[in-house]
Structures are given as structure tokens and as C-alpha cells.
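Source file: structure01.txt; contents: compact mmCIF, C-alpha atoms and all ligand atoms.
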```txt
# COMPACT_ATOMS: atom_id res chain seq x y z
CA MET G 18 10.16 15.45 -11.75
CA SER G 19 12.36 15.63 -8.63
CA ILE G 20 11.62 13.38 -5.65
CA ALA G 21 10.75 16.46 -3.57
CA SER G 22 8.15 17.57 -6.15
CA HIS G 23 6.75 14.05 -6.38
CA ASN G 24 6.43 13.86 -2.58
CA GLN G 25 4.68 17.24 -2.58
CA ARG G 26 2.25 15.84 -5.15
CA ILE G 27 1.60 12.88 -2.82
CA VAL G 28 0.96 15.18 0.13
CA ASP G 29 -1.39 17.39 -1.94
CA GLN G 30 -3.29 14.39 -3.28
CA PHE G 31 -3.66 12.60 0.06
CA THR G 32 -4.49 15.79 1.92
CA ARG G 33 -7.52 16.11 -0.40
CA TRP G 34 -8.27 12.38 -0.21
CA ALA G 35 -7.61 11.72 3.47
CA LYS G 36 -11.23 11.64 4.60
CA PRO G 37 -12.82 9.85 1.61
CA PHE G 38 -9.92 7.37 1.53
CA SER G 39 -10.40 6.53 5.20
CA GLU G 40 -14.12 5.94 4.68
CA LEU G 41 -13.99 3.71 1.57
CA PRO G 42 -15.01 0.15 2.56
CA ILE G 43 -12.59 -1.34 0.00
CA HIS G 44 -9.63 -0.29 2.16
CA ALA G 45 -10.88 -2.32 5.12
CA GLU G 46 -12.16 -5.32 3.11
CA SER G 47 -12.18 -8.22 5.58
CA GLY G 48 -10.88 -11.08 3.39
CA ALA G 49 -7.88 -8.99 2.34
CA MET G 50 -7.25 -7.87 5.92
CA THR G 51 -7.35 -11.45 7.22
CA ARG G 52 -4.70 -12.55 4.70
CA THR G 53 -2.56 -9.54 5.58
CA LEU G 54 -2.73 -10.18 9.33
CA GLU G 55 -1.90 -13.87 8.73
CA ALA G 56 1.24 -12.90 6.78
CA CYS G 57 2.32 -10.73 9.74
CA ALA G 58 2.40 -13.75 12.16
CA LEU G 59 1.32 -11.56 15.07
CA LYS G 60 2.01 -12.20 18.77
CA SER G 61 1.09 -10.19 21.84
CA GLU G 62 4.70 -9.25 22.69
CA LEU G 63 5.53 -7.68 19.30
CA ASP G 64 6.20 -4.05 18.38
CA VAL G 65 4.99 -3.17 14.86
CA LEU G 66 5.74 -0.26 12.54
CA ASP G 67 3.32 0.49 9.69
CA VAL G 68 5.07 2.66 7.09
CA ALA G 69 2.96 5.00 4.92
CA CYS G 70 0.12 4.10 7.26
CA GLY G 71 -2.39 6.53 5.74
CA PRO G 72 -5.53 6.78 7.89
CA GLY G 73 -4.40 3.92 10.14
CA ILE G 74 -6.70 1.23 8.77
CA LEU G 75 -4.05 -1.51 8.87
CA ALA G 76 -2.36 -0.11 12.00
CA CYS G 77 -5.66 -0.17 13.93
CA ALA G 78 -6.38 -3.72 12.69
CA LEU G 79 -2.92 -4.82 13.92
CA ALA G 80 -3.13 -3.13 17.32
CA PRO G 81 -5.40 -5.60 19.20
CA HIS G 82 -2.98 -8.46 18.41
CA VAL G 83 0.38 -6.92 19.46
CA ARG G 84 2.08 -4.85 22.18
CA THR G 85 2.52 -1.58 20.26
CA VAL G 86 1.89 -0.21 16.79
CA THR G 87 3.60 2.87 15.40
CA GLY G 88 2.25 4.46 12.22
CA ILE G 89 4.18 6.90 10.06
CA ASP G 90 3.02 8.77 6.95
CA ILE G 91 4.28 11.72 4.93
CA THR G 92 0.79 13.31 4.79
CA ALA G 93 -0.29 15.09 7.99
CA ALA G 94 -3.98 14.93 7.03
CA MET G 95 -3.73 11.13 6.88
CA ILE G 96 -2.25 11.04 10.39
CA GLU G 97 -5.18 13.19 11.61
CA GLN G 98 -7.54 10.55 10.20
CA ALA G 99 -5.48 7.82 11.85
CA ARG G 100 -5.74 9.51 15.26
CA ALA G 101 -9.52 9.84 14.80
CA ARG G 102 -9.81 6.14 13.86
CA GLN G 103 -7.77 5.14 16.92
CA GLY G 104 -10.02 7.29 19.14
CA LYS G 105 -13.21 5.78 17.71
CA ALA G 106 -11.83 2.25 18.18
CA GLY G 107 -10.75 3.04 21.77
CA LEU G 108 -7.26 1.63 21.14
CA GLN G 109 -4.43 2.70 23.51
CA ASN G 110 -1.30 1.04 22.10
CA LEU G 111 -0.71 3.19 19.00
CA GLU G 112 1.43 6.22 18.26
CA TRP G 113 1.72 8.29 15.09
CA HIS G 114 4.48 10.17 13.29
CA ILE G 115 4.66 12.36 10.21
CA GLY G 116 7.69 11.42 8.10
CA ASP G 117 9.22 9.95 4.97
CA ALA G 118 9.58 6.19 4.42
CA VAL G 119 13.11 6.64 3.05
CA ALA G 120 14.35 8.37 6.24
CA LEU G 121 12.54 6.69 9.14
CA PRO G 122 13.07 8.56 12.44
CA PHE G 123 13.62 5.35 14.44
CA GLU G 124 16.66 3.56 15.87
CA THR G 125 18.04 0.53 14.04
CA GLY G 126 16.31 -2.68 15.19
CA SER G 127 13.32 -1.01 16.91
CA PHE G 128 10.46 -3.20 15.61
CA ASP G 129 9.52 -6.89 15.29
CA ARG G 130 7.24 -6.37 12.30
CA VAL G 131 7.51 -3.63 9.68
CA THR G 132 4.58 -3.39 7.28
CA THR G 133 3.57 -1.19 4.40
CA ARG G 134 0.37 -1.50 2.38
CA TYR G 135 -0.61 0.08 -0.97
CA SER G 136 2.32 2.51 -0.77
CA PHE G 137 5.30 1.33 -2.84
CA HIS G 138 3.54 2.26 -6.10
CA HIS G 139 3.60 5.91 -4.97
CA MET G 140 7.33 5.92 -4.24
CA PRO G 141 10.00 6.83 -6.80
CA GLU G 142 12.49 4.80 -4.68
CA PRO G 143 10.73 1.74 -3.21
CA ALA G 144 14.10 -0.04 -2.78
CA ALA G 145 15.30 2.80 -0.53
CA ALA G 146 12.12 2.49 1.56
CA LEU G 147 12.61 -1.29 1.81
CA ALA G 148 16.22 -0.76 2.98
CA GLU G 149 14.94 1.56 5.72
CA MET G 150 12.27 -0.97 6.71
CA LYS G 151 15.01 -3.59 7.00
CA ARG G 152 17.19 -1.25 9.09
CA VAL G 153 14.50 -0.62 11.72
CA CYS G 154 13.43 -4.28 11.85
CA ARG G 155 14.91 -6.56 14.53
CA PRO G 156 17.11 -9.40 13.21
CA ASN G 157 14.47 -12.04 14.05
CA GLY G 158 11.60 -9.86 12.78
CA ARG G 159 9.56 -9.76 9.59
CA ILE G 160 8.93 -7.19 6.85
CA ILE G 161 5.59 -7.35 5.03
CA VAL G 162 4.76 -5.43 1.84
CA ILE G 163 1.28 -5.45 0.32
CA ASP G 164 0.79 -3.75 -3.02
CA ALA G 165 -0.65 -4.02 -6.53
CA THR G 166 1.62 -6.13 -8.76
CA PRO G 167 0.58 -6.04 -12.43
CA SER G 168 1.97 -8.70 -14.76
CA PRO G 169 4.98 -7.68 -16.90
CA GLU G 170 2.70 -7.62 -19.98
CA THR G 171 0.19 -5.22 -18.39
CA GLN G 172 2.51 -3.06 -16.24
CA PHE G 173 2.78 -0.16 -18.73
CA ALA G 174 -0.97 0.09 -19.36
CA TYR G 175 -1.71 -0.40 -15.66
CA ASP G 176 0.62 2.46 -14.70
CA GLU G 177 -0.90 4.71 -17.37
CA MET G 178 -4.40 4.00 -16.07
CA GLU G 179 -3.34 4.54 -12.45
CA ARG G 180 -1.57 7.85 -13.18
CA LEU G 181 -4.79 9.16 -14.72
CA ARG G 182 -6.75 8.03 -11.68
CA ASP G 183 -4.13 9.28 -9.24
CA PRO G 184 -1.31 11.63 -10.37
CA SER G 185 0.78 10.60 -7.33
CA HIS G 186 1.13 7.06 -8.73
CA ALA G 187 4.80 6.37 -9.65
CA SER G 188 4.89 2.75 -10.86
CA ALA G 189 3.51 -0.53 -9.56
CA LEU G 190 6.23 -3.18 -9.43
CA THR G 191 5.61 -6.61 -10.90
CA LEU G 192 5.89 -9.45 -8.39
CA ASP G 193 9.30 -10.36 -9.83
CA GLN G 194 10.51 -6.76 -9.44
CA LEU G 195 9.29 -6.73 -5.84
CA ARG G 196 11.04 -10.03 -5.14
CA GLU G 197 14.19 -8.67 -6.77
CA ILE G 198 14.40 -5.57 -4.54
CA GLY G 199 13.96 -7.92 -1.56
CA ARG G 200 16.85 -10.08 -2.80
CA GLU G 201 19.00 -6.98 -3.39
CA ALA G 202 18.26 -5.84 0.17
CA GLY G 203 19.50 -9.22 1.47
CA LEU G 204 16.05 -10.32 2.66
CA GLY G 205 14.85 -13.91 2.80
CA GLU G 206 11.32 -14.58 1.52
CA VAL G 207 8.98 -16.37 3.90
CA ILE G 208 5.53 -15.84 2.34
CA ILE G 209 4.09 -14.87 -1.00
CA ASP G 210 0.31 -14.56 -1.18
CA ALA G 211 -2.13 -12.76 -3.50
CA TYR G 212 -5.67 -11.45 -3.59
CA ARG G 213 -7.83 -9.52 -6.03
CA LEU G 214 -9.56 -6.45 -4.65
CA GLU G 215 -12.83 -5.60 -6.40
CA ALA G 216 -13.29 -1.87 -6.98
CA GLN G 217 -15.79 0.51 -8.56
CA LEU G 218 -13.99 3.08 -10.71
CA GLU G 219 -16.29 6.01 -9.95
CA THR G 220 -15.70 5.72 -6.20
CA LEU G 221 -11.89 5.80 -6.58
CA ALA G 222 -11.28 8.59 -9.08
CA GLU G 223 -11.30 12.34 -8.82
CA ALA G 224 -14.02 13.76 -11.07
CA SER G 225 -11.60 15.67 -13.36
CA ASP G 226 -9.97 12.39 -14.44
CA MET G 227 -13.18 10.57 -15.21
CA PRO G 228 -13.68 11.21 -18.97
CA ALA G 229 -10.17 10.02 -19.92
CA LEU G 230 -10.30 7.13 -17.50
CA THR G 231 -13.71 6.01 -18.68
CA THR G 232 -12.48 6.08 -22.30
CA ILE G 233 -9.50 3.87 -21.41
CA PHE G 234 -11.67 1.40 -19.52
CA ASP G 235 -14.40 1.36 -22.19
CA ALA G 236 -11.78 0.58 -24.87
CA ASP G 237 -10.20 -2.13 -22.71
CA ILE G 238 -13.56 -3.78 -22.00
CA ALA G 239 -14.60 -3.56 -25.68
CA SER G 240 -11.31 -5.13 -26.85
CA GLY G 241 -11.77 -8.13 -24.58
CA GLU G 242 -7.97 -8.26 -24.24
CA ASP G 243 -7.60 -7.06 -20.65
CA ARG G 244 -4.61 -4.91 -21.65
CA ILE G 245 -4.70 -3.14 -18.24
CA GLY G 246 -4.74 -6.48 -16.42
CA VAL G 247 -7.59 -5.63 -14.06
CA ALA G 248 -10.36 -7.75 -15.65
CA ALA G 249 -12.66 -4.70 -15.98
CA TRP G 250 -16.36 -5.01 -16.78
CA HIS G 251 -19.47 -2.84 -17.07
CA SER G 252 -21.77 -3.51 -14.13
CA PRO G 253 -25.24 -1.98 -13.62
CA THR G 254 -23.63 0.49 -11.19
CA GLY G 255 -20.66 1.47 -13.41
CA ILE G 256 -17.21 0.20 -14.35
CA ARG G 257 -15.81 -2.41 -11.98
CA PHE G 258 -12.41 -4.08 -11.93
CA HIS G 259 -9.95 -5.98 -9.73
CA PHE G 260 -6.68 -4.65 -8.34
CA PRO G 261 -4.09 -7.48 -8.52
CA ILE G 262 -2.55 -7.41 -5.04
CA SER G 263 0.43 -9.37 -3.72
CA ILE G 264 1.55 -9.87 -0.15
CA ILE G 265 5.21 -10.61 0.37
CA ALA G 266 6.85 -11.27 3.73
CA TRP G 267 10.61 -11.37 4.27
CA GLU G 268 12.96 -11.98 7.15
CA PRO G 269 15.89 -9.60 7.45
CA ARG G 270 18.54 -12.31 7.09
CA SER G 271 20.87 -12.81 4.17
CA VAL G 272 19.30 -14.98 1.48
CA GLY G 273 22.10 -17.52 1.85
CA GLY G 274 22.45 -17.24 5.60
C1 LIG G 301 -2.86 4.52 -0.98
S1 LIG G 301 -2.42 5.21 0.56
C2 LIG G 301 -2.30 3.75 1.59
C3 LIG G 301 -2.50 4.04 3.05
C4 LIG G 301 -2.41 2.83 3.98
N1 LIG G 301 -1.10 2.21 3.92
C5 LIG G 301 -3.47 1.82 3.69
O1 LIG G 301 -3.15 0.72 3.21
O2 LIG G 301 -4.65 2.10 3.96
C6 LIG G 301 -0.73 5.63 0.32
C7 LIG G 301 -0.12 6.37 1.49
O3 LIG G 301 1.29 6.41 1.31
C8 LIG G 301 1.76 7.63 1.84
N2 LIG G 301 3.10 7.84 1.30
C9 LIG G 301 3.47 7.90 0.00
N3 LIG G 301 4.79 8.09 -0.11
C10 LIG G 301 5.29 8.13 1.17
C11 LIG G 301 6.59 8.28 1.72
N4 LIG G 301 7.67 8.45 0.93
N5 LIG G 301 6.74 8.25 3.05
C12 LIG G 301 5.66 8.08 3.86
N6 LIG G 301 4.39 7.96 3.40
C13 LIG G 301 4.21 7.97 2.06
C14 LIG G 301 0.70 8.63 1.42
O4 LIG G 301 0.76 9.82 2.15
C15 LIG G 301 -0.57 7.81 1.65
O5 LIG G 301 -1.07 8.02 2.95
```
How does the structure come out when it is put into C-alpha cells?
Amino acid sequence: MSIASHNQRIVDQFTRWAKPFSELPIHAESGAMTRTLEACALKSELDVLDVACGPGILACALAPHVRTVTGIDITAAMIEQARARQGKAGLQNLEWHIGDAVALPFETGSFDRVTTRYSFHHMPEPAAALAEMKRVCRPNGRIIVIDATPSPETQFAYDEMERLRDPSHASALTLDQLREIGREAGLGEVIIDAYRLEAQLETLAEASDMPALTTIFDADIASGEDRIGVAAWHSPTGIRFHFPISIIAWEPRSVGG
């Protein structure tokens, strides 16, 4: 599939999901948000860009701590949700753009912090997005990526499961793969952190995917082998599991320099 077709699939998917996505409590989970904000090392004089900002959950959480936050996303319906969230929160220091992470419409060195959360696994070219994030980041700034990072042993099964749940899933990088694209971009690591995000399958999946997904999860739980790497279990309310999330923060300096 071409990149243009994949991006159209993303826009279609997140146009349908924009409202439910923005309302799901899991996306604003406070423990995860605290760790994310800590990794950003925020200060009141900073300008922040949140790439693939979706409905502005992270951007609006960042805004009270910094001078400005700019959010950009390829899906217009997500930006509508972001504007609504900003309005409800009464925040003034945000602006929103519709655009592609691999061609950011900003001058080189425009931001002190450049973040992206839960987005790289949708992108056919995450290294190209990271290079753009580096370009728009000031030399003394910081780039922070938060995403699911399956282990090398579970990556294939994890991607298969995720593509059934969400056809716009490309591939989740392992932590080593994520670190490697940072090294290749000439970034210096400053923080690696991790958290597990507990989810309920039925609240995250589109109904048409449910029979196949349930079969995969049932088999994984019955095997006791955790082949998908999400430690799934049957709870009284349905199938539950944990997304394995990593936070990685880099500085845009050469690794050796
Ligand atoms: C799972 S949502 C995450 C939203 C938000 N970052 C959050 O953490 O709540 C993924 C988002 O990535 C956006 N996205 C995917 N590929 C993109 C690209 N190439 N450029 C900009 N946005 C993209 C989608 O439109 C969607 O809003």
C-alpha cells in the first residue's frame, strides 16, 4: 500500500474515531500523563509542538506549564476535537494545524520541546517523522516520543492483533528499534521510562473486528504463553490487557558531541 493510501486510511479511521477517542478515560490516565510531563522537563518560557496531537489531550495537559503549545494532526476531525477540548478547559496558549508529521509546516528551530504520543505505530516512516521533529526543535531543546514498544519476541503477534483492532496500525517499534532511529537521527538519549496502560478490549475496537480479535485473545489467554505480549486476561467485564508503553526523550545533539 502506498504512503498516500495508508495516510488516507488513518484519516478515515480517526475521522470515525475522533469523538470516542477523545472521550476514552484511558487516553488521559493520570499516572501515565504524570510520567509523560516529567519526561518533558517543562518550564514556563518554553514553546512546545505536539505532533499527531489527535484530540489535544496531551497538548492541553502541557499548556498550563509552558508559554505556548502548537498541535498538529493529519486528521481534521481530531483537530476539531482538540479545539473543543481547549475551549472547555479555557486555555488560551494553544494553536492547531492540520498537517503531516513528515512535512511539518514550521521553521527550523521553532520549538523547545517536540512531543508525539501513540502515533509512531501508525506511520510507515517513523524515522522521517523523527527527523522532522529534530529539525523543528531548538538545539538546546528536547524531543519526546511515547508509544507502545512490544518485545522483539512478541512484535509480530502484537502488530497482527493491533491491525485487526485498528487497520491504520503500521508497526509498533521495539524499544531497541526506537532507540536506533534516534541514534541514526543523531539524537542523544536523556530519558527512557516505561508504563503499562490497562485497557478493556471491547472499548477500543470497532465492532466489525470483534469476533476475530476475541478469538486471538481467547487463544492467547488459554495458551498461557502471552504470545501477544500484553498479559491479557478474562475479567468479569470482558477481555483486559496492558499496552507496553515506553517514553524516550532525546536532545538534538550528536551522540558523540
Ligand atoms: C492514536 S492517535 C493519538 C493521538 C494523540 N497523540 C494522543 O496521544 O492522544 C494517533 C493520531 O496520529 C495521527 N497521525 C497518524 N499519522 C500521522 C501523520 N503522518 N501526521 C500527522 N498525524 C498523524 C492520527 O490522525 C491520530 O490523530
Report task. Point out the residue among G:Asp117, G:Asp183, G:Glu177, G:Glu219 with the least atom-to-atom distance to Ile233 of chain G, counting all atoms listed in the file. Result -> G:Glu177
Report task. Write out as an MDAnalysis selection string the residues lying within 7 Å of His138 of chain G, counting only C-alpha atoms and excluding same-chain residues fewer than 5 positions away. Result -> chainID G and resid 186:190
Report task. Determine, counting only C-alpha atoms, which protein, DNA and RNA residues have an atom within 8 Å of an atom of segment 159-170 of chain G; residues of the same chain fewer than 3 positions away are not included. Present the result as a ChimeraX atom specification. Result -> /G:53,56-57,129-138,150-151,154-155,173,175,189-192,244,246,260-269
Restricted to C-alpha atoms, what would the selected residues look like written as a PDB file, in the coordinates of the input?
```
ATOM      1  CA  THR G  53      -2.560  -9.540   5.580  1.00  0.00           C
ATOM      2  CA  ALA G  56       1.240 -12.900   6.780  1.00  0.00           C
ATOM      3  CA  CYS G  57       2.320 -10.730   9.740  1.00  0.00           C
ATOM      4  CA  ASP G 129       9.520  -6.890  15.290  1.00  0.00           C
ATOM      5  CA  ARG G 130       7.240  -6.370  12.300  1.00  0.00           C
ATOM      6  CA  VAL G 131       7.510  -3.630   9.680  1.00  0.00           C
ATOM      7  CA  THR G 132       4.580  -3.390   7.280  1.00  0.00           C
ATOM      8  CA  THR G 133       3.570  -1.190   4.400  1.00  0.00           C
ATOM      9  CA  ARG G 134       0.370  -1.500   2.380  1.00  0.00           C
ATOM     10  CA  TYR G 135      -0.610   0.080  -0.970  1.00  0.00           C
ATOM     11  CA  SER G 136       2.320   2.510  -0.770  1.00  0.00           C
ATOM     12  CA  PHE G 137       5.300   1.330  -2.840  1.00  0.00           C
ATOM     13  CA  HIS G 138       3.540   2.260  -6.100  1.00  0.00           C
ATOM     14  CA  MET G 150      12.270  -0.970   6.710  1.00  0.00           C
ATOM     15  CA  LYS G 151      15.010  -3.590   7.000  1.00  0.00           C
ATOM     16  CA  CYS G 154      13.430  -4.280  11.850  1.00  0.00           C
ATOM     17  CA  ARG G 155      14.910  -6.560  14.530  1.00  0.00           C
ATOM     18  CA  PHE G 173       2.780  -0.160 -18.730  1.00  0.00           C
ATOM     19  CA  TYR G 175      -1.710  -0.400 -15.660  1.00  0.00           C
ATOM     20  CA  ALA G 189       3.510  -0.530  -9.560  1.00  0.00           C
ATOM     21  CA  LEU G 190       6.230  -3.180  -9.430  1.00  0.00           C
ATOM     22  CA  THR G 191       5.610  -6.610 -10.900  1.00  0.00           C
ATOM     23  CA  LEU G 192       5.890  -9.450  -8.390  1.00  0.00           C
ATOM     24  CA  ARG G 244      -4.610  -4.910 -21.650  1.00  0.00           C
ATOM     25  CA  GLY G 246      -4.740  -6.480 -16.420  1.00  0.00           C
ATOM     26  CA  PHE G 260      -6.680  -4.650  -8.340  1.00  0.00           C
ATOM     27  CA  PRO G 261      -4.090  -7.480  -8.520  1.00  0.00           C
ATOM     28  CA  ILE G 262      -2.550  -7.410  -5.040  1.00  0.00           C
ATOM     29  CA  SER G 263       0.430  -9.370  -3.720  1.00  0.00           C
ATOM     30  CA  ILE G 264       1.550  -9.870  -0.150  1.00  0.00           C
ATOM     31  CA  ILE G 265       5.210 -10.610   0.370  1.00  0.00           C
ATOM     32  CA  ALA G 266       6.850 -11.270   3.730  1.00  0.00           C
ATOM     33  CA  TRP G 267      10.610 -11.370   4.270  1.00  0.00           C
ATOM     34  CA  GLU G 268      12.960 -11.980   7.150  1.00  0.00           C
ATOM     35  CA  PRO G 269      15.890  -9.600   7.450  1.00  0.00           C
TER      36      PRO G 269
END
```
Query raised in the report: Mind listing the residues within 6 Å of ligand LIG 301 (chain G), all atoms listed in the file counted, as a list in words?
Result: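 Within the 6 Å cut-off, the matching residues are Ile27, Val28, Phe31, His44, Ala69, Cys70, Gly71, Ile74, Asp90, Ile91, Thr92, Met95, Gly116, Asp117, Ala118, Thr133, Arg134, Tyr135, Ser136, His139 and Met140 of chain G.
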Query raised in the report: In terms of the shortest atom-to-atom distance over only C-alpha atoms, which of G:Pro143, G:Ser47, G:Thr220, G:Thr231 is closest to Arg196 of chain G?
Result: G:Pro143
**Report entry** Interatomic distance, atom CA of Asn157 of chain G to atom CA of Leu66 of chain G (Å, one decimal)
**Finding:**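 Atom CA of Leu66 of chain G lies 14.7 Å from atom CA of Asn157 of chain G.
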Query raised in the report: From the set G:Gln30, G:Leu79, G:Ile20, G:Gln25, which residue has the shortest atom-to-atom contact distance to Thr51 of chain G, counting all atoms listed in the file?
Result: G:Leu79
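Of the residues listed (G:Thr232, G:Gln172, G:Thr125, G:Ser61), G:Gln172 shows the shortest atom-to-atom separation from Gln194 of chain G; distances use all atoms listed in the file.
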Query raised in the report: With only C-alpha atoms as the basis for distance, which of G:Cys77, G:Asp210, G:Met178, G:Asp64 is at the shortest distance from Ala236 of chain G?
Result: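 Among the listed residues, G:Met178 lies closest to Ala236 of chain G.
Proximity ranking of G:Met227, G:Ala101, G:Val153, G:Leu108 relative to Leu121 of chain G places G:Val153 first, based on all atoms listed in the file.
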Report task. May I ask for the distance between atom CA of Pro141 of chain G and atom CA of Leu111 of chain G, given in Å to one decimal place? Result ->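 A separation of 28.2 Å between them.
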Requested in this report: Provide the atom CA of Leu54 of chain G to atom CA of Phe128 of chain G distance in Å, to one decimal place.
Outcome: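 We find that atom CA of Leu54 of chain G and atom CA of Phe128 of chain G lie 16.2 Å from each other.
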